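Encoded as structure tokens, the structure appears first; notes follow it.
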Amino acid sequence: MSYRNSKVVIVGAGNVGSTTAYSIINQGICEDLCLIDARAEVALGQALDMSDAVYFMHRNMSVHAGGYEECADADIVVVTAAAPMPKDSNDRLEMLKPSLGVVREVVTSVMDSGFNGIFIVVSNPVDIMTYYTWRVSGLPRERVIGSGTYLDTARLCRMLSEMYDLAPASVEAYVLGEHGDSEIVSWNSATIGGKRVDDVLRDNESRTKGVTRDDLRRRTIQAGWDIFSRKGNTCYGIASSTTAIAKSILFDENRIMPVSVCLSGQYGIDGTYLSVPTIVDHTGAKEIVEIALEADELAALQKSAELLHSFYPRLGE
């Protein structure tokens with residue numbers, strides 16, 4: 001798989017899907033991009049609008065709308081389609097029941113086309129929907145990846161960088177587990193410029209201003225809702241993180257990123273999808289990286305896995 005002749009299909013041309021499409025063409029990571037949506041005219045309108053933008057980006061890309069037959073030769077299918085978030089809700093798990101039918105129909109239609117590439121699942125609740133996509137598709141587990149806590153990780157790194165007036169890239173930290181309330185931060189491996197975050201918090205009291213680990217975790221969880229409550233959706237951050245995952249696949253980058261994958265004994269967890277550091281290359285989830293967690297972090301990660309696994313019986317056949 002390479003940039004040349006590579007193809008990405010995005011199912012769902014709403015805010016997240018269309019912004020992901022625009023992020024992909026803006027970075028020029030594939031040659032062929034197709035949008036699919038139950039509202040065919042919306043998908044077509046988005047594709048036509050983006051096709052105009054391609055001219056100004058000096059790209060040689062095909063951006064178009066189509067049906068599920070387009071998935072037959074796709075390298076990646078990105079699933080953003082889901083039921084709308086219930087009003088006045090701040091729990092992604094509430095989307096589970098109404099979204100199941102949507103995701104099942106999408107995955108079945110994709111697989112009926114003869115698709116043999118890699119799924120990137122964005123639909124919430126993303127960890128459960130990624131597991132469901134894997135089960136319905138019948139693909140090997142390494143070829144079904146969820147966007148997971150990659151965006152949460154970016155939010156945490158941004159918060160820490162702003163506290164100390166640094167570039168976000170100077171912060172190395174992982175948010176793991178569920179993309180939701182049970183997610184954890186691996187403080188044991190978190191560093192700023194090579195210095196442990198715990199030491200930075202302690203040694204810079206004037207800039208830390210009493211902010212604690214728990215404060216940062218709570219703010220990370222709340223960040224998405226702070227955006228959602230104001231504009232009714234989040235799209236730019238998740239689109240950028242999804243594009244980064246797709247780029248690591250298409251360009252065989254072997255980047256380590258916290259994405260939702262199926263564990264098989266790592267961290268004492270088996271058969272559950274949740275986010276852990278993972279090497280992502282042209283094969284998908286190439287390898288799960290086991291980092292050293294503090295005892296309470298490991299226990300919290302396993303508790304997060306138990307919570308997610310408890311929903312599996314509700315998924316039906």
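By convention here, the chains of the structure tokens are called A, B, ... in the order presented, each chain's residues are numbered starting at 1, and ligands are numbered starting at 1 in the order presented.
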Shell of 8 Å around Ser62 in chain A, only C-alpha atoms, local chain residues under 4 positions omitted, as number ranges by chain: A: 31-33, 51
Go ahead and dump the residues you just picked, C-alpha atoms, as a PDB file, in the first residue's frame.
ATOM      1  CA  GLU A  31      -5.216   9.781  -4.567  1.00  0.00           C
ATOM      2  CA  ASP A  32      -8.895   8.847  -4.480  1.00  0.00           C
ATOM      3  CA  LEU A  33     -11.431   9.943  -1.848  1.00  0.00           C
ATOM      4  CA  SER A  51     -13.322  19.201  -5.553  1.00  0.00           C
TER       5      SER A  51
END
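Here the strand (DSSP E) residues in range 33-117 of chain A, by DSSP on the backbone, are A:Leu33, A:Cys34, A:Leu35, A:Ile36, A:Ser62, A:Val63, A:His64, A:Ala65, A:Ile76, A:Val77, A:Val78, A:Val79.
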Range 188-198 of chain A surroundings by only C-alpha atoms, 10 Å radius, close-in-sequence under 4 positions cut, as a PyMOL selection string: chain A and resi 157+160-161+164+166+168-175+202-203+212-213+291-295+297
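Taking only C-alpha atoms into account, Ile288 in chain A lies nearest to A:Pro258 out of the set A:Gly268, A:Gly101, A:Gly14, A:Pro258.
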Helix (DSSP H, G or I) call set, DSSP backbone run, range 158-248 of chain A, as a ChimeraX atom specification: /A:158-163,168-170,187-189,197-203,205-208,213-231,236-248
Taking into account only C-alpha atoms, which residue in the set A:Leu100, A:Val121, A:Val77, A:Ile238 is nearest to Asp152 in chain A? A:Ile238
Residue neighbourhood Asp49 in chain A, 10 Å, only C-alpha atoms, exclusion window fewer than 6 positions, as a ChimeraX atom specification: /A:22,43,63-64
Would you pick out the contacts of Ile245 in chain A at 8 Å or less, using only C-alpha atoms, so that residues sharing its chain but fewer than 4 positions from it are not included, and give the list as a ChimeraX atom specification? /A:147,241,249,280
Shell around range 313-316 of chain A at 12 Å using only C-alpha atoms, local window under 2 positions removed, as a list in words: Leu93, Leu96, Lys97, Pro98, Ser99, Leu100, Gly101, Val103, Arg104, Ile128, Met129, Tyr131, Tyr132, Thr133, Arg135, Val136, Leu307, Leu308, His309, Ser310 and Phe311 of chain A
Residues from last step as file, N, CA and C atoms, as a PDB file, in the first residue's frame:
ATOM      1  N   LEU A  93     -22.067   6.489  25.842  1.00  0.00           N
ATOM      2  CA  LEU A  93     -22.636   5.151  25.869  1.00  0.00           C
ATOM      3  C   LEU A  93     -24.144   5.167  25.633  1.00  0.00           C
ATOM      4  N   LEU A  96     -25.353   3.929  22.251  1.00  0.00           N
ATOM      5  CA  LEU A  96     -25.115   2.540  21.873  1.00  0.00           C
ATOM      6  C   LEU A  96     -26.281   1.932  21.104  1.00  0.00           C
ATOM      7  N   LYS A  97     -27.454   1.879  21.713  1.00  0.00           N
ATOM      8  CA  LYS A  97     -28.577   1.176  21.097  1.00  0.00           C
ATOM      9  C   LYS A  97     -28.984   1.769  19.752  1.00  0.00           C
ATOM     10  N   PRO A  98     -29.215   3.104  19.662  1.00  0.00           N
ATOM     11  CA  PRO A  98     -29.639   3.640  18.361  1.00  0.00           C
ATOM     12  C   PRO A  98     -28.564   3.542  17.279  1.00  0.00           C
ATOM     13  N   SER A  99     -27.300   3.486  17.672  1.00  0.00           N
ATOM     14  CA  SER A  99     -26.224   3.446  16.673  1.00  0.00           C
ATOM     15  C   SER A  99     -25.928   2.037  16.166  1.00  0.00           C
ATOM     16  N   LEU A 100     -26.330   1.020  16.907  1.00  0.00           N
ATOM     17  CA  LEU A 100     -26.012  -0.349  16.510  1.00  0.00           C
ATOM     18  C   LEU A 100     -26.538  -0.674  15.116  1.00  0.00           C
ATOM     19  N   GLY A 101     -27.806  -0.333  14.868  1.00  0.00           N
ATOM     20  CA  GLY A 101     -28.391  -0.635  13.568  1.00  0.00           C
ATOM     21  C   GLY A 101     -27.695   0.099  12.442  1.00  0.00           C
ATOM     22  N   VAL A 103     -24.516   1.216  12.347  1.00  0.00           N
ATOM     23  CA  VAL A 103     -23.176   0.671  12.106  1.00  0.00           C
ATOM     24  C   VAL A 103     -23.261  -0.715  11.481  1.00  0.00           C
ATOM     25  N   ARG A 104     -24.203  -1.523  11.926  1.00  0.00           N
ATOM     26  CA  ARG A 104     -24.338  -2.865  11.336  1.00  0.00           C
ATOM     27  C   ARG A 104     -24.655  -2.770   9.847  1.00  0.00           C
ATOM     28  N   ILE A 128     -16.862   0.443  21.686  1.00  0.00           N
ATOM     29  CA  ILE A 128     -17.843  -0.621  21.487  1.00  0.00           C
ATOM     30  C   ILE A 128     -18.169  -0.770  20.005  1.00  0.00           C
ATOM     31  N   MET A 129     -18.275   0.348  19.297  1.00  0.00           N
ATOM     32  CA  MET A 129     -18.579   0.276  17.875  1.00  0.00           C
ATOM     33  C   MET A 129     -17.415  -0.322  17.079  1.00  0.00           C
ATOM     34  N   TYR A 131     -15.372  -2.703  18.310  1.00  0.00           N
ATOM     35  CA  TYR A 131     -15.537  -4.141  18.561  1.00  0.00           C
ATOM     36  C   TYR A 131     -16.654  -4.702  17.689  1.00  0.00           C
ATOM     37  N   TYR A 132     -17.769  -3.982  17.611  1.00  0.00           N
ATOM     38  CA  TYR A 132     -18.921  -4.437  16.836  1.00  0.00           C
ATOM     39  C   TYR A 132     -18.582  -4.526  15.348  1.00  0.00           C
ATOM     40  N   THR A 133     -17.842  -3.552  14.859  1.00  0.00           N
ATOM     41  CA  THR A 133     -17.402  -3.570  13.465  1.00  0.00           C
ATOM     42  C   THR A 133     -16.525  -4.784  13.199  1.00  0.00           C
ATOM     43  N   ARG A 135     -16.553  -7.629  14.814  1.00  0.00           N
ATOM     44  CA  ARG A 135     -17.359  -8.840  14.877  1.00  0.00           C
ATOM     45  C   ARG A 135     -18.223  -9.017  13.634  1.00  0.00           C
ATOM     46  N   VAL A 136     -18.844  -7.937  13.186  1.00  0.00           N
ATOM     47  CA  VAL A 136     -19.730  -8.019  12.021  1.00  0.00           C
ATOM     48  C   VAL A 136     -18.926  -8.234  10.737  1.00  0.00           C
ATOM     49  N   LEU A 307     -15.762  -2.421  32.168  1.00  0.00           N
ATOM     50  CA  LEU A 307     -16.943  -1.614  31.859  1.00  0.00           C
ATOM     51  C   LEU A 307     -17.341  -1.786  30.395  1.00  0.00           C
ATOM     52  N   LEU A 308     -16.373  -1.656  29.490  1.00  0.00           N
ATOM     53  CA  LEU A 308     -16.673  -1.789  28.067  1.00  0.00           C
ATOM     54  C   LEU A 308     -17.153  -3.198  27.733  1.00  0.00           C
ATOM     55  N   HIS A 309     -16.485  -4.189  28.303  1.00  0.00           N
ATOM     56  CA  HIS A 309     -16.849  -5.578  28.019  1.00  0.00           C
ATOM     57  C   HIS A 309     -18.253  -5.890  28.489  1.00  0.00           C
ATOM     58  N   SER A 310     -18.717  -5.223  29.539  1.00  0.00           N
ATOM     59  CA  SER A 310     -20.045  -5.485  30.080  1.00  0.00           C
ATOM     60  C   SER A 310     -21.151  -5.122  29.102  1.00  0.00           C
ATOM     61  N   PHE A 311     -20.846  -4.315  28.096  1.00  0.00           N
ATOM     62  CA  PHE A 311     -21.845  -3.930  27.105  1.00  0.00           C
ATOM     63  C   PHE A 311     -21.938  -4.944  25.956  1.00  0.00           C
TER      64      PHE A 311
END
So that I can check the surroundings of range 36-41 of chain A, please list as an MDAnalysis selection string every protein, DNA and RNA residue that reaches within 12 Å of it, counting only C-alpha atoms and ignoring chain neighbours fewer than 2 positions away. chainID A and resid 8:15 17:18 21 33:34 43:48 63:71 77:82 102 105:106 109:110
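Candidate residues A:Val276, A:Leu298, A:Val200, A:Val16 were compared for distance to Asn124 in chain A, and the nearest is A:Val16, using only C-alpha atoms.
One finds CA of Asp165 in chain A at 16.1 Å from CA of Leu216 in chain A.
Relative to CA of Arg255 in chain A, CA of Asp215 in chain A is found at 28.8 Å.
From CA of Asp75 in chain A back to CA of Tyr236 in chain A, the distance works out to 22.9 Å.
The residue that comes closest to Met159 in chain A, out of A:Arg218, A:Ser123, A:Trp134, A:Gly146 and on the basis of only C-alpha atoms, is A:Arg218.
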